[in-house]
Structures are given as C-alpha cells and as structure tokens.
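Peer 1: Sharing data_15.cif here; it has mmCIF, C-alpha atoms.
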data_upload
loop_
_atom_site.label_atom_id
_atom_site.label_comp_id
_atom_site.auth_asym_id
_atom_site.auth_seq_id
_atom_site.Cartn_x
_atom_site.Cartn_y
_atom_site.Cartn_z
CA MET N 1 40.77 89.55 10.36
CA ARG N 2 42.26 87.48 7.54
CA SER N 3 40.09 84.46 8.50
CA ILE N 4 36.99 86.65 8.64
CA LEU N 5 37.66 88.02 5.15
CA LEU N 6 38.30 84.51 3.84
CA GLY N 7 35.03 83.35 5.36
CA MET N 8 33.15 86.24 3.75
CA ALA N 9 34.70 85.43 0.37
CA LEU N 10 33.72 81.76 0.62
CA ALA N 11 30.18 82.71 1.65
CA ALA N 12 29.89 85.00 -1.36
CA LEU N 13 30.86 82.12 -3.65
CA LEU N 14 28.11 79.93 -2.18
CA VAL N 15 25.32 82.50 -2.72
CA PRO N 16 23.62 82.15 -6.14
CA ARG N 17 24.08 85.12 -8.43
CA LEU N 18 21.09 87.43 -8.53
CA ALA N 19 19.09 87.12 -11.74
CA VAL N 20 19.02 90.39 -13.68
CA ALA N 21 16.29 90.66 -16.30
CA ALA N 22 15.74 92.99 -19.24
CA ASP N 23 12.81 93.33 -21.66
CA LEU N 24 14.31 94.17 -25.06
CA GLY N 25 10.93 94.70 -26.75
CA PRO N 26 9.21 93.03 -29.72
CA LEU N 27 11.15 90.76 -32.04
CA ALA N 28 10.33 92.04 -35.52
CA GLY N 29 8.30 89.67 -37.66
CA THR N 30 7.21 87.50 -34.74
CA PRO N 31 4.54 87.52 -32.00
CA PHE N 32 7.31 87.44 -29.36
CA ASN N 33 9.11 89.88 -27.11
CA LYS N 34 12.80 89.33 -26.48
CA HIS N 35 14.05 89.16 -22.90
CA GLU N 36 17.43 88.59 -21.29
CA ILE N 37 18.06 87.13 -17.85
CA THR N 38 21.27 86.33 -15.96
CA ASP N 39 21.15 82.77 -14.67
CA ASN N 40 22.75 81.30 -11.54
CA LEU N 41 25.85 80.40 -13.57
CA GLY N 42 26.37 84.03 -14.57
CA ARG N 43 25.41 83.52 -18.23
CA THR N 44 23.17 85.87 -20.18
CA ILE N 45 20.14 83.81 -21.21
CA THR N 46 17.95 85.02 -24.08
CA TYR N 47 14.31 84.01 -24.13
CA TYR N 48 11.27 84.96 -26.17
CA ILE N 49 7.73 85.19 -24.85
CA SER N 50 4.34 85.92 -26.36
CA HIS N 51 1.78 88.34 -24.92
CA PRO N 52 -1.77 87.01 -25.39
CA ALA N 53 -4.78 89.30 -25.15
CA LYS N 54 -5.78 87.81 -21.81
CA PRO N 55 -3.88 85.84 -19.14
CA ALA N 56 -2.99 82.37 -20.41
CA PRO N 57 -1.07 79.35 -19.07
CA LEU N 58 2.64 79.36 -19.72
CA MET N 59 3.94 76.82 -22.25
CA LEU N 60 7.70 76.32 -22.34
CA MET N 61 8.59 74.74 -25.70
CA ILE N 62 12.07 73.15 -25.74
CA GLN N 63 13.96 72.51 -28.96
CA GLY N 64 15.79 69.35 -29.88
CA SER N 65 19.53 68.76 -30.26
CA GLY N 66 22.01 71.08 -31.92
CA CYS N 67 22.91 74.73 -31.51
CA ALA N 68 20.53 76.51 -33.89
CA PRO N 69 19.03 79.68 -32.37
CA VAL N 70 15.28 79.74 -31.77
CA PHE N 71 14.83 82.36 -34.52
CA ILE N 72 16.74 82.47 -37.80
CA PRO N 73 16.49 84.69 -40.90
CA ALA N 74 14.22 83.33 -43.61
CA GLY N 75 14.15 85.41 -46.76
CA ALA N 76 12.84 88.82 -45.77
CA GLY N 77 11.38 87.46 -42.54
CA VAL N 78 12.12 85.29 -39.53
CA ALA N 79 11.51 81.57 -38.99
CA SER N 80 11.51 79.57 -35.77
CA THR N 81 13.46 76.36 -35.29
CA VAL N 82 10.95 75.36 -32.59
CA PHE N 83 8.10 73.77 -34.53
CA GLY N 84 4.73 75.35 -33.74
CA ALA N 85 6.05 78.16 -31.55
CA GLY N 86 4.81 80.98 -33.79
CA PRO N 87 1.33 79.61 -34.55
CA ASN N 88 0.68 78.79 -30.89
CA ALA N 89 1.81 82.26 -29.85
CA THR N 90 -0.44 83.86 -32.45
CA GLU N 91 -3.43 81.74 -31.43
CA GLY N 92 -3.23 83.11 -27.88
CA ARG N 93 -4.42 80.11 -25.85
CA PHE N 94 -0.96 79.92 -24.28
CA THR N 95 1.72 82.33 -23.22
CA VAL N 96 4.48 80.70 -25.28
CA LEU N 97 8.05 80.70 -23.96
CA VAL N 98 11.09 79.62 -26.00
CA VAL N 99 14.72 79.88 -24.90
CA ASP N 100 17.98 80.10 -26.82
CA LYS N 101 20.66 77.66 -25.77
CA PRO N 102 23.65 79.66 -24.45
CA PHE N 103 26.10 80.51 -27.26
CA SER N 104 23.69 79.17 -29.88
CA SER N 105 24.95 79.91 -33.37
CA GLU N 106 24.95 77.56 -36.34
CA ARG N 107 27.03 78.00 -39.47
CA ALA N 108 25.45 77.59 -42.90
CA GLY N 109 25.50 74.05 -44.25
CA ALA N 110 25.50 72.42 -40.81
CA GLN N 111 23.78 69.07 -40.42
CA PRO N 112 20.64 69.86 -38.39
CA GLY N 113 20.64 68.54 -34.84
CA THR N 114 24.41 68.08 -34.59
CA ALA N 115 27.11 70.18 -32.92
CA THR N 116 29.88 69.84 -35.48
CA ALA N 117 29.36 73.38 -36.83
CA CYS N 118 28.60 75.08 -33.51
CA ASP N 119 30.48 77.94 -31.90
CA PRO N 120 33.27 76.30 -29.82
CA ARG N 121 31.92 78.15 -26.77
CA PHE N 122 28.65 76.26 -27.19
CA ASN N 123 30.38 72.88 -27.08
CA VAL N 124 32.41 73.90 -24.02
CA ASP N 125 29.28 75.07 -22.21
CA PHE N 126 26.53 72.66 -23.25
CA THR N 127 25.48 69.88 -20.89
CA ALA N 128 22.05 68.75 -19.74
CA GLU N 129 22.69 70.23 -16.30
CA ARG N 130 23.77 73.65 -17.59
CA TRP N 131 20.97 73.81 -20.15
CA LEU N 132 18.54 73.05 -17.31
CA GLU N 133 19.81 76.08 -15.38
CA ALA N 134 19.13 78.31 -18.39
CA LEU N 135 15.61 76.95 -18.81
CA ARG N 136 14.83 77.33 -15.11
CA ALA N 137 16.03 80.94 -15.12
CA ALA N 138 13.78 81.81 -18.07
CA LEU N 139 10.81 79.94 -16.59
CA THR N 140 11.15 81.67 -13.21
CA ASP N 141 11.41 85.10 -14.82
CA ALA N 142 8.48 84.46 -17.18
CA HIS N 143 6.24 83.50 -14.26
CA LYS N 144 6.58 87.07 -12.94
CA LEU N 145 4.87 88.59 -15.99
CA PRO N 146 1.31 89.83 -15.32
CA TRP N 147 -0.27 88.17 -18.35
CA VAL N 148 0.85 84.67 -17.31
CA ASP N 149 -1.84 82.48 -15.72
CA ARG N 150 0.29 80.81 -13.06
CA SER N 151 -2.31 78.20 -12.12
CA ARG N 152 -0.95 75.82 -14.79
CA THR N 153 2.41 75.47 -16.53
CA LEU N 154 3.06 73.17 -19.48
CA VAL N 155 6.50 72.01 -20.60
CA PHE N 156 6.59 70.64 -24.16
CA GLY N 157 9.63 68.83 -25.55
CA HIS N 158 10.46 66.68 -28.56
CA SER N 159 13.53 64.42 -28.88
CA GLU N 160 16.34 66.01 -26.79
CA GLY N 161 13.70 68.55 -25.79
CA ALA N 162 11.66 65.74 -24.21
CA VAL N 163 14.65 64.80 -22.05
CA MET N 164 14.90 68.40 -20.91
CA ALA N 165 11.14 68.66 -20.35
CA ALA N 166 11.44 65.77 -17.90
CA LEU N 167 14.38 67.45 -16.15
CA VAL N 168 12.47 70.73 -15.82
CA ALA N 169 9.42 68.92 -14.44
CA GLY N 170 11.57 67.03 -11.94
CA SER N 171 13.11 70.22 -10.59
CA GLU N 172 10.27 72.77 -10.86
CA PRO N 173 7.12 72.21 -8.75
CA SER N 174 5.32 74.88 -10.80
CA VAL N 175 5.12 72.47 -13.76
CA THR N 176 1.64 70.92 -13.85
CA ASP N 177 1.67 69.28 -17.30
CA VAL N 178 4.35 67.71 -19.51
CA ILE N 179 4.26 66.74 -23.18
CA TRP N 180 7.07 64.25 -23.86
CA LEU N 181 7.47 63.25 -27.50
CA ALA N 182 10.04 60.89 -29.03
CA GLY N 183 12.49 61.24 -26.16
CA SER N 184 14.78 58.98 -24.19
CA GLY N 185 13.18 56.92 -21.45
CA THR N 186 16.01 56.00 -19.14
CA THR N 187 19.25 57.25 -20.73
CA GLN N 188 20.34 57.96 -24.27
CA LEU N 189 22.75 55.06 -23.96
CA PHE N 190 19.81 52.70 -23.50
CA ASP N 191 18.37 54.09 -26.75
CA GLN N 192 21.62 53.30 -28.51
CA PHE N 193 21.63 49.75 -27.18
CA ALA N 194 17.97 49.21 -28.09
CA GLN N 195 18.44 50.66 -31.58
CA THR N 196 21.34 48.29 -32.13
CA TYR N 197 19.00 45.36 -31.51
CA ASP N 198 16.44 46.82 -33.90
CA THR N 199 18.65 47.89 -36.78
CA CYS N 200 21.93 45.96 -36.80
CA VAL N 201 22.36 42.62 -38.57
CA ASP N 202 25.72 41.70 -37.00
CA ARG N 203 24.79 42.64 -33.43
CA ALA N 204 28.02 41.37 -31.88
CA ALA N 205 30.12 43.64 -34.07
CA CYS N 206 27.79 46.59 -33.62
CA PHE N 207 27.73 46.25 -29.83
CA ALA N 208 31.51 45.96 -29.72
CA GLU N 209 31.82 49.17 -31.74
CA LEU N 210 29.23 50.98 -29.59
CA GLU N 211 30.81 49.88 -26.32
CA ALA N 212 34.28 50.94 -27.52
CA GLU N 213 32.94 54.42 -28.35
CA VAL N 214 31.25 54.72 -24.97
CA LYS N 215 34.48 53.72 -23.22
CA ALA N 216 36.29 56.43 -25.19
CA ILE N 217 33.67 58.96 -24.01
CA ASN N 218 34.04 57.77 -20.42
CA ALA N 219 37.81 58.20 -20.64
CA LYS N 220 37.43 61.88 -21.61
CA PRO N 221 33.97 62.85 -20.28
CA ASP N 222 34.64 66.60 -20.24
CA SER N 223 36.10 66.91 -23.72
CA ALA N 224 34.43 69.51 -25.93
CA THR N 225 36.68 68.76 -28.91
CA ASP N 226 36.41 64.96 -29.22
CA PHE N 227 33.23 63.99 -31.07
CA ALA N 228 31.00 60.95 -31.39
CA TRP N 229 27.83 60.78 -33.51
CA GLY N 230 27.93 64.51 -34.21
CA HIS N 231 28.31 65.73 -30.61
CA PRO N 232 31.20 66.29 -28.16
CA PHE N 233 32.04 63.68 -25.54
CA LYS N 234 31.05 66.24 -22.91
CA ARG N 235 27.51 66.36 -24.22
CA TRP N 236 27.17 62.57 -24.36
CA SER N 237 28.54 61.95 -20.87
CA SER N 238 26.13 64.53 -19.51
CA PHE N 239 23.02 63.06 -21.12
CA TYR N 240 24.12 59.52 -20.22
CA ARG N 241 23.71 60.61 -16.58
CA VAL N 242 20.08 61.68 -17.09
CA SER N 243 17.11 59.34 -16.63
CA PRO N 244 14.03 61.21 -17.88
CA VAL N 245 11.56 58.74 -16.41
CA ASP N 246 13.11 59.15 -12.96
CA GLU N 247 12.70 62.91 -13.30
CA LEU N 248 9.05 62.50 -14.30
CA LEU N 249 8.49 60.23 -11.31
CA LYS N 250 9.67 63.08 -9.05
CA SER N 251 7.01 65.37 -10.46
CA LYS N 252 3.30 65.53 -9.74
CA ALA N 253 2.58 66.74 -13.27
CA ARG N 254 0.19 65.08 -15.69
CA VAL N 255 2.18 63.56 -18.54
CA TYR N 256 1.42 62.96 -22.22
CA VAL N 257 3.92 60.59 -23.87
CA GLY N 258 4.03 59.82 -27.55
CA ASP N 259 6.20 58.50 -30.36
CA GLY N 260 5.98 56.95 -33.77
CA THR N 261 6.08 53.16 -33.94
CA ALA N 262 8.63 53.43 -36.79
CA ASP N 263 10.98 55.84 -35.00
CA ARG N 264 14.58 55.01 -35.96
CA SER N 265 16.27 57.82 -34.02
CA VAL N 266 15.28 56.68 -30.55
CA SER N 267 13.92 53.32 -29.54
CA VAL N 268 10.14 53.05 -29.23
CA MET N 269 10.94 50.94 -26.16
CA SER N 270 11.75 54.23 -24.45
CA LEU N 271 8.11 55.22 -24.83
CA GLU N 272 7.00 51.91 -23.35
CA LEU N 273 9.47 52.21 -20.48
CA VAL N 274 8.19 55.67 -19.54
CA ALA N 275 4.58 54.57 -19.87
CA ALA N 276 5.09 51.44 -17.74
CA LYS N 277 7.00 53.22 -14.97
CA LEU N 278 4.54 56.09 -14.72
CA LEU N 279 1.48 53.83 -14.86
CA SER N 280 2.85 51.43 -12.25
CA ALA N 281 3.58 54.38 -9.94
CA GLY N 282 0.00 55.64 -10.30
CA HIS N 283 0.83 58.80 -12.24
CA ASP N 284 -1.65 60.51 -14.54
CA VAL N 285 -0.26 59.53 -17.94
CA THR N 286 -1.72 59.52 -21.46
CA ILE N 287 0.03 57.39 -24.10
CA ARG N 288 0.04 57.98 -27.84
CA ARG N 289 1.59 55.40 -30.16
CA VAL N 290 1.48 56.84 -33.69
CA PRO N 291 1.12 53.96 -36.22
CA GLY N 292 3.97 53.81 -38.71
CA ALA N 293 5.27 57.27 -37.82
CA ASP N 294 8.92 58.30 -37.71
CA HIS N 295 10.90 60.37 -35.20
CA GLY N 296 9.14 63.51 -36.42
CA LEU N 297 5.74 61.83 -35.86
CA ASN N 298 5.08 61.75 -39.60
CA GLY N 299 3.36 58.59 -40.83
CA PRO N 300 0.69 57.19 -43.12
CA GLU N 301 -2.08 58.90 -41.16
CA SER N 302 -0.18 61.53 -39.20
CA THR N 303 1.99 64.64 -39.44
CA THR N 304 4.05 66.57 -36.94
CA ALA N 305 1.44 69.33 -36.92
CA LYS N 306 -1.47 66.94 -36.29
CA GLU N 307 0.33 65.14 -33.46
CA TYR N 308 1.41 68.37 -31.80
CA GLN N 309 -2.17 69.60 -31.94
CA ARG N 310 -3.46 66.33 -30.50
CA ALA N 311 -1.04 66.71 -27.59
CA LEU N 312 -2.03 70.33 -26.99
CA ASP N 313 -5.73 69.42 -27.07
CA TRP N 314 -4.98 66.92 -24.29
CA PHE N 315 -3.80 69.81 -22.10
CA TRP N 316 -7.29 71.31 -22.05
CA ILE N 317 -9.03 68.05 -21.09
CA ARG N 318 -9.29 67.77 -17.31
#
Taking this structure as input, can you express it in the form of structure tokens?

Peer 2:
Amino acid sequence: MRSILLGMALAALLVPRLAVAADLGPLAGTPFNKHEITDNLGRTITYYISHPAKPAPLMLMIQGSGCAPVFIPAGAGVASTVFGAGPNATEGRFTVLVVDKPFSSERAGAQPGTATACDPRFNVDFTAERWLEALRAALTDAHKLPWVDRSRTLVFGHSEGAVMAALVAGSEPSVTDVIWLAGSGTTQLFDQFAQTYDTCVDRAACFAELEAEVKAINAKPDSATDFAWGHPFKRWSSFYRVSPVDELLKSKARVYVGDGTADRSVSVMSLELVAAKLLSAGHDVTIRRVPGADHGLNGPESTTAKEYQRALDWFWIR
C-alpha cells in the first residue's frame, strides 16, 4: 500500500497544474480587460486583452527588459509600458494581448530596463524559461475567447521582447507571424562580444573584463542577488542559454526582422545573423535595416511609431 501511495504522489507531481482563469473586467482608462490565469508553475499570471468590434487576429506584444508592469499610473490616467499597445487595441484590427511579468513592480526612480529596483521575488523568479511559461499560459487562454480570430496569431517583440517572441514561436505552433525588432540573434553573450568590437578602443582589456564577468556569472548561475549590468546573474545565465534564431528556425511562422543600423544596445550583426540563417533555410523572412536608427528605431528618417506601423502593415500583406 505504501508503494502504491508513493507512486500516486509521484504521478501527481508529474501532471501539469490545471490552468484556472478569471475575467476581472475592464481596466479603467484603457481598452483592455484584465484576466488572471494560473500557469503550469502554479503562479498567478495577469494579462490584459482588448475586445474588438469583430473577430480579429491575436497579437501578443511582449515588453523589453526590466520589471515594470504593463500598466502604470500617469497623472489622473493610466499609461502602458508596452509601446503601441493602447493605440493598436483602440484601432481594432487586432485583438491585443499584453502580459505582466510575474511579480512585476518597479520602485520610483528606477533605471528603465534594469532589475536593480525590482521586487526581490521578481529577481528570484525571472528567467527566460519561466517567463515563457507565463506567456504561453496567457496565449493559450486568450485563444479560447470568442472574439479571437484563431486563423492567425502574431507575436511582436522588441529588444528582450524579441528574444521572447522567438521562444514563443519556437514552442507554440499556433504562431503564424513574428515581428522581431532589435533583439539578440544567437545569444545575448554574442551581442556583448560583438558590441565590444564595435565600441571598445582597448579590445584586449575590454574582452578580459567581459570574460571575467561571464565567468563570475557561470560560477553562480542561480544567484538572484549578485548583479551584472543591471540584472541578476540568474537572469543572464538564463538568457545566455537561449538562441532566438534557433527558435525561429523551429517555427513555420513568417518573420519580420528589423533594427537600426546605429543600434548601440545590441549588435546589428544579430539582425544579419537572423536574416542569413532564416534565408538560407528557406524561411519566409522580411528584413528591415533602418538607416542611422538607434535601439529604439529612432533615426534621421524614422521613429519608433513609424517603424512599428511599418512592421504591422507587413502582417496584412500576404
């Protein structure tokens, strides 16, 4: 009897937790409804979804690095930290989905995009793999809603969000289209090496410093209290394991890749790496190199808003 009970207990541990969803109603001051879902890791995941007048394709928009919630107070109203989420939801061509990172909460005065002022629970929890589980739970739940046109699903990510967009596409067959902007191509460590070539005068010294920091991260890969470049070692070791282009190669989705030619946050060689790998494998890929633009796609003849709209227009061209 004891062995039977032990076997039943082990079996229970191997069965994914059932996702429990709740619609919490409209989020005041926004075109979104707030939902909660329990993911396979047992966490409560908060997501926000628009309700267009007629069924529309689902667009999951994924924020960049840091722990800022998707919606934050702004004067008497509410602002979104996911650029373009509100206008696209209001326009109604998409059912827009945005997801809070688990334990997202950012103290006033924090440097945007870093984790130094995050809730300690966020830094303990956050890895690429665990963030992926949250996104997948929200995406799966959103697909059940009657106003979602399930024939096409777009995942849109910028910077760290582009890394996650590739991960979602590589693990979710429902994804038909990906917009990847200013992200890592192979790993974020490659970006750091490439940027050292581009920006450092004394390359030998810079590489020695970079390699020493990476070795420190590798020595304590699960640390949520040791930091490098504004993020815990745990976060870096996780994203060093991820190759976005390999995830995109797993997917059958059409892909739009773009970056500014003057990006100094990630190497523009990441864009070229993704483009070359996808093209050589025969994937449907569209490439946008924005002349003189920075990491935010702002340049002499471009703005973030214009480049986002260009990418979204691509979605409708078949």

Peer 1: Can you build me a table of segment 126-234 of chain N residues sitting at most 8 Å from segment 273-297 of chain N, with the closest atom pair per residue and its distance in Å to one decimal, using all atoms listed in the file, sorted by chain and residue number, as a tab-separated table?

Peer 2:
residue	atom	partner	partner_atom	distance
N:Ser159	CA	N:His295	CA	8.0
N:Ala182	CA	N:His295	CA	6.3
N:Gly185	CA	N:Val274	CA	5.5
N:Thr186	CA	N:Leu273	CA	7.7

Peer 1: Using all atoms listed in the file, find the one residue out of N:Phe83, N:Phe126, N:Phe193, N:Phe94 that sits nearest to Phe233 of chain N.

Peer 2: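 Selected residue with least distance to Phe233 of chain N: N:Phe126.
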
Peer 1: Compare N:Gly260, N:Gly92, N:Pro69, N:Pro31 by their minimum atom-to-atom distance to Pro112 of chain N, counting all atoms listed in the file, and give me the closest one.

Peer 2: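 Closest residue, counting all atoms listed in the file: N:Pro69.
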
Peer 1: Between N:Arg93, N:Lys234, N:Arg264, N:Arg241, which has the minimum distance to Asp198 of chain N (counting only C-alpha atoms)?

Peer 2: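 Checking each of N:Arg93, N:Lys234, N:Arg264, N:Arg241 against Asp198 of chain N, counting only C-alpha atoms, the winner is N:Arg264.
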
Peer 1: Measuring atom to atom with all atoms listed in the file, identify which of N:Thr153, N:Thr225, N:Thr95, N:Asn88 is nearest to Asp119 of chain N.

Peer 2: N:Thr225

Peer 1: Within 9 Å of (12.1, 75.6, -10.6) (coordinates as in the file), grab all the protein and nucleic acid residues, counting all atoms listed in the file, and write them out as a JSON list (two decimals) with C-alpha atoms, keeping the file's coordinate frame.

Peer 2:
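As written to disk, result_7.json reads:
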[["chain", "number", "residue", "atom", "x", "y", "z"],
["N", 136, "ARG", "CA", 14.83, 77.33, -15.11],
["N", 137, "ALA", "CA", 16.03, 80.94, -15.12],
["N", 139, "LEU", "CA", 10.81, 79.94, -16.59],
["N", 140, "THR", "CA", 11.15, 81.67, -13.21],
["N", 168, "VAL", "CA", 12.47, 70.73, -15.82],
["N", 169, "ALA", "CA", 9.42, 68.92, -14.44],
["N", 170, "GLY", "CA", 11.57, 67.03, -11.94],
["N", 171, "SER", "CA", 13.11, 70.22, -10.59],
["N", 172, "GLU", "CA", 10.27, 72.77, -10.86],
["N", 173, "PRO", "CA", 7.12, 72.21, -8.75],
["N", 174, "SER", "CA", 5.32, 74.88, -10.80],
["N", 175, "VAL", "CA", 5.12, 72.47, -13.76]]

Peer 1: Evaluate the PyMOL selection byres ((chain N and resi 96) around 12) here and jot the selected residues down as a VMD selection string.

Peer 2: chain N and resid 30 to 33 47 to 52 55 to 62 82 84 to 95 97 to 99 138 to 139 142 to 143 147 to 149 153 to 156

Peer 1: Extract, using all atoms listed in the file, all DNA, RNA and protein residues at most 9 Å from Asp125 of chain N, discarding same-chain residues fewer than 5 positions from it, and format them as an NGL selection string.

Peer 2: :N and (102-103 or 120 or 130-131 or 224)

Peer 1: So the first atom is atom CA of Ala162 of chain N and the second is atom CA of Thr199 of chain N; what is the distance between them in Å, to one decimal place?

Peer 2: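 Atom CA of Thr199 of chain N lies at a distance of 22.9 Å from atom CA of Ala162 of chain N.
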
Peer 1: Can you translate the PyMOL selection byres ((chain N and resi 67) around 9) into the concrete residues it hits in this file, as a PyMOL selection string?

Peer 2: chain N and resi 65-66+68-69+100-106+112-115+117-119+122-123

Peer 1: Which centre and which edge lengths, in Å to one decimal, describe the axis-aligned box that holds all listed atoms of segment 291-294 of chain N after 5 Å is added on each side, as JSON?

Peer 2:
{"center_x": 5.0, "center_y": 56.1, "center_z": -37.5, "size_x": 17.8, "size_y": 14.5, "size_z": 12.5}

Peer 1: Using only C-alpha atoms, which residue out of N:Ile45, N:Val124, N:Val178, N:Ala28 lies closest to Leu248 of chain N?

Peer 2: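 The shortest atom-to-atom distance to Leu248 of chain N comes from N:Val178.
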
Peer 1: Just the residues within 10 Å of segment 207-219 of chain N, please, counting only C-alpha atoms, with nothing from its chain fewer than 3 positions along; format it as an MDAnalysis selection string.

Peer 2: chainID N and resid 189 192:193 196:197 200 202:204 222:223 226:229 232:237 240

Peer 1: For the atom pair atom CA of Ala311 of chain N and atom CA of Val78 of chain N, what is the interatomic distance in Å to one decimal place?

Peer 2: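 Between these atoms lies a distance of 25.7 Å.
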
Peer 1: List the neighbours of Asp39 of chain N out to 6 Å using only C-alpha atoms; skip same-chain residues closer than 2 positions along the sequence, and give me the result as a list in words.

Peer 2: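 My list of contacting residues is Ala19, Leu41, Gly42, Arg43 and Ala137 of chain N.
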
Peer 1: Between N:Gly157, N:Ala166, N:Val245, N:Thr127, which has the minimum distance to Tyr308 of chain N (counting only C-alpha atoms)?

Peer 2: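 That would be N:Gly157, the residue with the smallest distance to Tyr308 of chain N.
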
Peer 1: Exactly which residues make up the result of the PyMOL selection byres ((chain N and resi 80) around 6) on this file, given as a list in words?

Peer 2: Val70, Phe71, Ala79, Thr81 and Val82 of chain N

Peer 1: To one decimal place in Å, what is the distance between atom CA of Arg150 of chain N and atom CA of Ile37 of chain N?

Peer 2: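 Spanning atom CA of Arg150 of chain N to atom CA of Ile37 of chain N is a straight-line distance of 19.5 Å.
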
Peer 1: List as a list in words the residues having at least one atom at most 12 Å from position (14.1, 95.5, -16.5) as given in the file, counting only C-alpha atoms.

Peer 2: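 Residues lying no farther than 12 Å from the given point: Ala19, Val20, Ala21, Ala22, Asp23, Leu24, Gly25, Lys34, His35, Glu36, Ile37, Thr38, Asp141, Lys144 and Leu145 of chain N.
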
Peer 1: Restricting the output to C-alpha atoms, write the selected residues as a PDB file, in the frame of the given file.

Peer 2:
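Written file, out.pdb:
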ATOM      1  CA  ALA N  19      19.090  87.120 -11.740  1.00  0.00           C
ATOM      2  CA  VAL N  20      19.020  90.390 -13.680  1.00  0.00           C
ATOM      3  CA  ALA N  21      16.290  90.660 -16.300  1.00  0.00           C
ATOM      4  CA  ALA N  22      15.740  92.990 -19.240  1.00  0.00           C
ATOM      5  CA  ASP N  23      12.810  93.330 -21.660  1.00  0.00           C
ATOM      6  CA  LEU N  24      14.310  94.170 -25.060  1.00  0.00           C
ATOM      7  CA  GLY N  25      10.930  94.700 -26.750  1.00  0.00           C
ATOM      8  CA  LYS N  34      12.800  89.330 -26.480  1.00  0.00           C
ATOM      9  CA  HIS N  35      14.050  89.160 -22.900  1.00  0.00           C
ATOM     10  CA  GLU N  36      17.430  88.590 -21.290  1.00  0.00           C
ATOM     11  CA  ILE N  37      18.060  87.130 -17.850  1.00  0.00           C
ATOM     12  CA  THR N  38      21.270  86.330 -15.960  1.00  0.00           C
ATOM     13  CA  ASP N 141      11.410  85.100 -14.820  1.00  0.00           C
ATOM     14  CA  LYS N 144       6.580  87.070 -12.940  1.00  0.00           C
ATOM     15  CA  LEU N 145       4.870  88.590 -15.990  1.00  0.00           C
TER      16      LEU N 145
END
